[in-house]
$ cat target_14.cif   # mmCIF, C-alpha atoms
data_data
loop_
_atom_site.label_atom_id
_atom_site.label_comp_id
_atom_site.auth_asym_id
_atom_site.auth_seq_id
_atom_site.Cartn_x
_atom_site.Cartn_y
_atom_site.Cartn_z
CA MET A 1119 20.72 14.52 -30.65
CA SER A 1120 21.69 15.92 -27.31
CA ASP A 1121 20.35 15.28 -23.82
CA ASP A 1122 17.74 18.03 -24.12
CA THR A 1123 16.21 16.72 -27.39
CA LYS A 1124 14.52 13.50 -28.52
CA ALA A 1125 12.84 12.12 -31.62
CA CYS A 1126 9.05 12.33 -31.91
CA PRO A 1127 7.66 8.74 -31.77
CA VAL A 1128 5.18 9.56 -34.57
CA CYS A 1129 7.03 11.69 -37.14
CA ALA A 1130 10.66 11.19 -35.95
CA GLU A 1131 11.42 14.94 -36.03
CA THR A 1132 13.77 16.28 -33.36
CA ILE A 1133 11.87 17.94 -30.51
CA LYS A 1134 12.66 19.07 -26.97
CA ALA A 1135 12.93 16.26 -24.41
CA ALA A 1136 10.43 18.01 -22.11
CA ALA A 1137 7.87 18.51 -24.89
CA ILE A 1138 4.34 17.24 -24.29
CA LYS A 1139 3.20 17.97 -27.85
CA CYS A 1140 5.10 17.64 -31.13
CA ARG A 1141 5.32 20.95 -32.97
CA PHE A 1142 5.61 19.20 -36.35
CA CYS A 1143 2.82 16.59 -36.34
CA ASN A 1144 0.77 18.11 -33.46
CA THR A 1145 0.65 14.76 -31.58
CA ASP A 1146 -0.09 14.78 -27.86
CA LEU A 1147 2.89 12.72 -26.65
CA LEU A 1148 1.42 11.83 -23.25
CA ALA A 1149 -1.78 10.47 -24.80
CA PHE A 1150 0.25 8.62 -27.45
CA THR A 1151 2.40 6.97 -24.76
CA ALA A 1152 -0.66 6.05 -22.66
CA ALA A 1153 -2.38 4.48 -25.68
CA ARG A 1154 0.74 2.50 -26.53
CA GLU A 1155 1.03 1.21 -22.93
CA ALA A 1156 -2.64 0.15 -22.94
CA ASP A 1157 -2.00 -1.95 -26.04
CA THR A 1158 0.89 -3.87 -24.48
CA GLU A 1159 0.09 -6.92 -22.43
CA ARG A 1160 1.48 -6.90 -18.89
CA VAL A 1161 1.50 -9.73 -16.38
CA LEU A 1162 -0.68 -9.13 -13.30
CA PHE A 1163 -0.07 -12.51 -11.66
CA ALA A 1164 1.85 -15.62 -12.64
CA GLY A 1165 2.26 -18.61 -10.38
CA HIS A 1166 0.68 -21.50 -8.56
CA PRO A 1167 -2.18 -21.22 -6.08
CA ALA A 1168 -1.45 -21.60 -2.39
CA ALA A 1169 -1.24 -25.22 -1.30
CA ILE A 1170 -3.77 -24.63 1.49
CA HIS A 1171 -6.38 -21.93 0.99
CA SER A 1172 -9.18 -23.07 3.31
CA ALA A 1173 -9.62 -23.75 7.00
CA TRP A 1174 -11.20 -27.11 6.14
CA GLN A 1175 -8.00 -28.10 4.33
CA TRP A 1176 -6.03 -27.28 7.47
CA LEU A 1177 -8.41 -29.53 9.39
CA VAL A 1178 -7.71 -32.38 6.94
CA VAL A 1179 -3.95 -31.80 7.26
CA VAL A 1180 -4.14 -31.98 11.07
CA CYS A 1181 -6.37 -35.07 11.04
CA THR A 1182 -4.11 -36.95 8.60
CA LEU A 1183 -0.94 -35.99 10.51
CA GLY A 1184 0.42 -33.94 7.61
CA LEU A 1185 -0.24 -36.40 4.78
CA GLY A 1186 -3.06 -34.22 3.51
CA TYR A 1187 -0.57 -31.39 3.02
CA ILE A 1188 1.36 -33.48 0.47
CA TYR A 1189 -1.84 -34.03 -1.50
CA TYR A 1190 -2.77 -30.32 -1.44
CA TRP A 1191 0.81 -29.32 -2.31
CA VAL A 1192 0.90 -31.59 -5.37
CA ARG A 1193 -2.55 -30.39 -6.40
CA GLY A 1194 -1.37 -26.78 -6.09
CA LEU A 1195 1.71 -27.53 -8.20
CA SER A 1196 -0.47 -29.04 -10.91
CA THR A 1197 -2.23 -25.69 -11.49
CA HIS A 1198 -0.47 -22.64 -12.89
CA TYR A 1199 -2.14 -19.27 -13.48
CA GLU A 1200 -0.92 -16.57 -15.81
CA ILE A 1201 -3.17 -13.55 -15.51
CA THR A 1202 -2.34 -10.64 -17.78
CA SER A 1203 -4.02 -7.39 -18.71
CA GLN A 1204 -5.52 -9.07 -21.80
CA ARG A 1205 -6.15 -12.73 -20.97
CA VAL A 1206 -6.29 -15.42 -18.30
CA ARG A 1207 -4.36 -18.65 -18.90
CA VAL A 1208 -4.81 -21.74 -16.75
CA GLU A 1209 -2.43 -24.68 -17.12
CA GLN A 1210 -3.33 -27.88 -15.29
CA GLY A 1211 -1.61 -31.20 -14.86
CA ILE A 1212 1.77 -32.54 -13.80
CA LEU A 1213 2.70 -35.17 -16.38
CA SER A 1214 0.03 -34.41 -18.96
CA LYS A 1215 -0.76 -30.72 -19.31
CA SER A 1216 -3.84 -28.91 -20.54
CA LYS A 1217 -3.76 -25.19 -21.23
CA GLU A 1218 -6.85 -23.07 -21.45
CA SER A 1219 -7.01 -19.38 -22.22
CA VAL A 1220 -9.82 -16.85 -22.14
CA GLU A 1221 -9.59 -13.29 -23.41
CA LEU A 1222 -10.59 -10.62 -20.88
CA PHE A 1223 -12.89 -8.81 -23.30
CA ARG A 1224 -15.06 -11.98 -23.37
CA ILE A 1225 -15.56 -12.07 -19.59
CA ASP A 1226 -19.03 -10.86 -18.63
CA HIS A 1227 -19.17 -11.41 -14.85
CA PHE A 1228 -16.60 -11.22 -12.07
CA ASP A 1229 -17.91 -13.00 -8.96
CA VAL A 1230 -15.87 -12.89 -5.74
CA LEU A 1231 -17.03 -15.65 -3.41
CA LYS A 1232 -15.97 -15.85 0.23
CA PRO A 1233 -16.91 -19.20 1.76
CA LEU A 1234 -16.43 -19.43 5.53
CA GLY A 1235 -13.45 -21.80 5.34
CA MET A 1236 -11.59 -19.53 2.95
CA ARG A 1237 -12.48 -16.36 4.84
CA LEU A 1238 -11.00 -17.82 8.03
CA VAL A 1239 -7.55 -18.07 6.38
CA GLY A 1240 -7.85 -14.81 4.40
CA HIS A 1241 -8.54 -16.20 0.93
CA CYS A 1242 -11.44 -15.99 -1.49
CA LEU A 1243 -12.56 -17.48 -4.79
CA LEU A 1244 -12.87 -15.59 -8.08
CA GLN A 1245 -15.30 -16.89 -10.65
CA LEU A 1246 -14.97 -15.43 -14.14
CA ARG A 1247 -17.97 -16.14 -16.35
CA SER A 1248 -17.34 -15.74 -20.04
CA SER A 1249 -19.39 -15.47 -23.20
CA ASP A 1250 -16.99 -17.99 -24.78
CA THR A 1251 -18.92 -21.28 -25.08
CA ASN A 1252 -15.75 -23.41 -25.06
CA PHE A 1253 -14.42 -21.99 -21.80
CA SER A 1254 -17.45 -20.52 -20.03
CA THR A 1255 -16.24 -20.38 -16.40
CA VAL A 1256 -12.79 -19.86 -14.95
CA VAL A 1257 -12.28 -20.36 -11.23
CA ILE A 1258 -9.24 -18.78 -9.58
CA PHE A 1259 -8.38 -19.57 -5.97
CA GLY A 1260 -5.40 -19.59 -3.63
CA VAL A 1261 -3.98 -16.27 -4.89
CA ALA A 1262 -2.95 -13.55 -2.44
CA ASP A 1263 -4.96 -10.30 -2.65
CA LEU A 1264 -7.47 -11.85 -5.04
CA GLU A 1265 -10.08 -9.14 -4.40
CA VAL A 1266 -7.66 -6.44 -5.55
CA LEU A 1267 -6.75 -8.57 -8.56
CA ALA A 1268 -10.46 -8.96 -9.39
CA ASP A 1269 -10.91 -5.18 -9.45
CA THR A 1270 -7.84 -4.81 -11.66
CA LEU A 1271 -9.15 -7.52 -14.01
CA ARG A 1272 -12.52 -5.77 -14.23
CA GLU A 1273 -10.82 -2.51 -15.24
CA CYS A 1274 -8.62 -4.33 -17.77
CA SER A 1275 -11.68 -6.07 -19.20
CA LEU A 1276 -13.47 -2.77 -19.72
CA ARG A 1277 -10.34 -1.27 -21.29
CA GLU A 1278 -10.00 -4.26 -23.64
CA ARG A 1279 -13.67 -4.00 -24.66
CA THR A 1280 -13.19 -0.32 -25.44
CA ARG A 1281 -9.93 -0.94 -27.30
CA ARG A 1282 -11.47 -3.73 -29.41
CA ARG A 1283 -14.79 -1.90 -29.78
CA VAL A 1284 -16.78 -4.81 -28.33
CA THR A 1285 -20.28 -4.29 -26.95
CA THR A 1286 -22.39 -6.68 -24.92
CA LEU A 1287 -25.87 -7.58 -26.05
CA VAL A 1288 -28.39 -8.05 -23.27
CA GLN A 1289 -31.33 -10.34 -24.04
CA ALA A 1290 -34.62 -9.37 -22.44
#

$ encode --input "target_14.cif" --output "structure tokens"
Amino acid sequence: MSDDTKACPVCAETIKAAAIKCRFCNTDLLAFTAAREADTERVLFAGHPAAIHSAWQWLVVVCTLGLGYIYYWVRGLSTHYEITSQRVRVEQGILSKSKESVELFRIDHFDVLKPLGMRLVGHCLLQLRSSDTNFSTVVIFGVADLEVLADTLRECSLRERTRRRVTTLVQA
């Protein structure tokens, strides 16, 4: 193969590199690539929450002459989020660890809460309510740009429901 040709990802026949449709198997290459990318899991956020995510926590830190910061820092280190395009994983603990995971297609409600103390320092709280009875509510806090992440998670949840052909039943 030369620089101006490539192999079709479906039928492996040699086609032009700039082709958008395979002339042998009639596959739309752009749609095929988009579908393949939707199936792969990509990390949206991985890390610990901010040590201090509320104005009231700052008040505690000031009143305790900085000792409160050590408590909030250790508490922040004990929580680790891994949010991907297909699931949300929460790992908690320092010495003993517990890992919980919820699939995005099971999440029914995305609630963004903005208490006054969090709003003052530019943070918010994301509550994910799931249909999974073992892990019904996930609370995410202390993450930068959490509102944007919530919108992205909502889109990924809808995409996962479509991909897995899952429908929600509403009881009247």

$ residues_around --input "target_14.cif" --residues "Val1239 in chain A" --least-positions-apart "6" --cutoff "7 Å" --atoms "all atoms listed in the file" --output "list in words"
His1171, Ser1172 and Ala1173 of chain A

$ write_last_selection --input "target_14.cif" --atoms "C-alpha atoms" --output "PDB file, in the coordinates of the input"
ATOM      1  CA  HIS A1171      -6.380 -21.930   0.990  1.00  0.00           C
ATOM      2  CA  SER A1172      -9.180 -23.070   3.310  1.00  0.00           C
ATOM      3  CA  ALA A1173      -9.620 -23.750   7.000  1.00  0.00           C
TER       4      ALA A1173
END

$ residues_around --input "target_14.cif" --residues "range 1130-1142 of chain A" --least-positions-apart "6" --cutoff "8 Å" --atoms "all atoms listed in the file" --output "PyMOL selection string"
chain A and resi 1119+1121-1124+1148

$ atom_distance --input "target_14.cif" --atom1 "CA of Gly1186 in chain A" --atom2 "CA of Ala1169 in chain A"
10.4 Å

$ resolve_selection --input "target_14.cif" --expression "the PyMOL selection byres ((chain A and resi 1210) around 10)" --output "PyMOL selection string"
chain A and resi 1193-1199+1207-1209+1211-1218

$ closest_residue --input "target_14.cif" --among "A:Arg1237, A:Arg1224, A:Arg1205, A:Arg1154" --to "Arg1283 in chain A" --atoms "only C-alpha atoms"
A:Arg1224

$ resolve_selection --input "target_14.cif" --expression "the PyMOL selection byres ((chain A and resi 1274) around 9)" --output "list of chain:residue names"
A:Thr1202, A:Ser1203, A:Gln1204, A:Leu1222, A:Phe1223, A:Asp1269, A:Thr1270, A:Leu1271, A:Arg1272, A:Glu1273, A:Ser1275, A:Leu1276, A:Arg1277, A:Glu1278, A:Arg1279

$ closest_residue --input "target_14.cif" --among "A:Val1230, A:Leu1243, A:Ala1149, A:Ile1201" --to "Ala1164 in chain A" --atoms "only C-alpha atoms"
A:Ile1201

$ closest_residue --input "target_14.cif" --among "A:Leu1238, A:Gly1184, A:Thr1255, A:Leu1244" --to "Ser1219 in chain A" --atoms "all atoms listed in the file"
A:Thr1255

$ closest_residue --input "target_14.cif" --among "A:Trp1176, A:Phe1163, A:Phe1253, A:Tyr1190" --to "Val1266 in chain A" --atoms "all atoms listed in the file"
A:Phe1163

$ atom_distance --input "target_14.cif" --atom1 "CA of Val1161 in chain A" --atom2 "CA of Thr1280 in chain A"
19.7 Å

$ residues_near_point --input "target_14.cif" --point "(-6.9, 2.3, -26.5)" --cutoff "6 Å" --atoms "only C-alpha atoms" --output "list of chain:residue names"
A:Ala1153, A:Ala1156, A:Arg1281

$ atom_distance --input "target_14.cif" --atom1 "CA of Leu1246 in chain A" --atom2 "CA of His1227 in chain A"
5.9 Å

$ closest_residue --input "target_14.cif" --among "A:Val1192, A:Ala1125, A:Cys1242, A:Val1284" --to "Glu1265 in chain A" --atoms "only C-alpha atoms"
A:Cys1242

$ residues_around --input "target_14.cif" --residues "Val1261 in chain A" --least-positions-apart "6" --cutoff "8 Å" --atoms "all atoms listed in the file" --output "number ranges by chain"
A: 1166-1168, 1241

$ closest_residue --input "target_14.cif" --among "A:Gln1245, A:Thr1285, A:Ser1254, A:Thr1151" --to "Glu1221 in chain A" --atoms "all atoms listed in the file"
A:Ser1254

$ residues_around --input "target_14.cif" --residues "Cys1143 in chain A" --least-positions-apart "6" --cutoff "9 Å" --atoms "all atoms listed in the file" --output "MDAnalysis selection string"
chainID A and resid 1126 1128:1129 1131
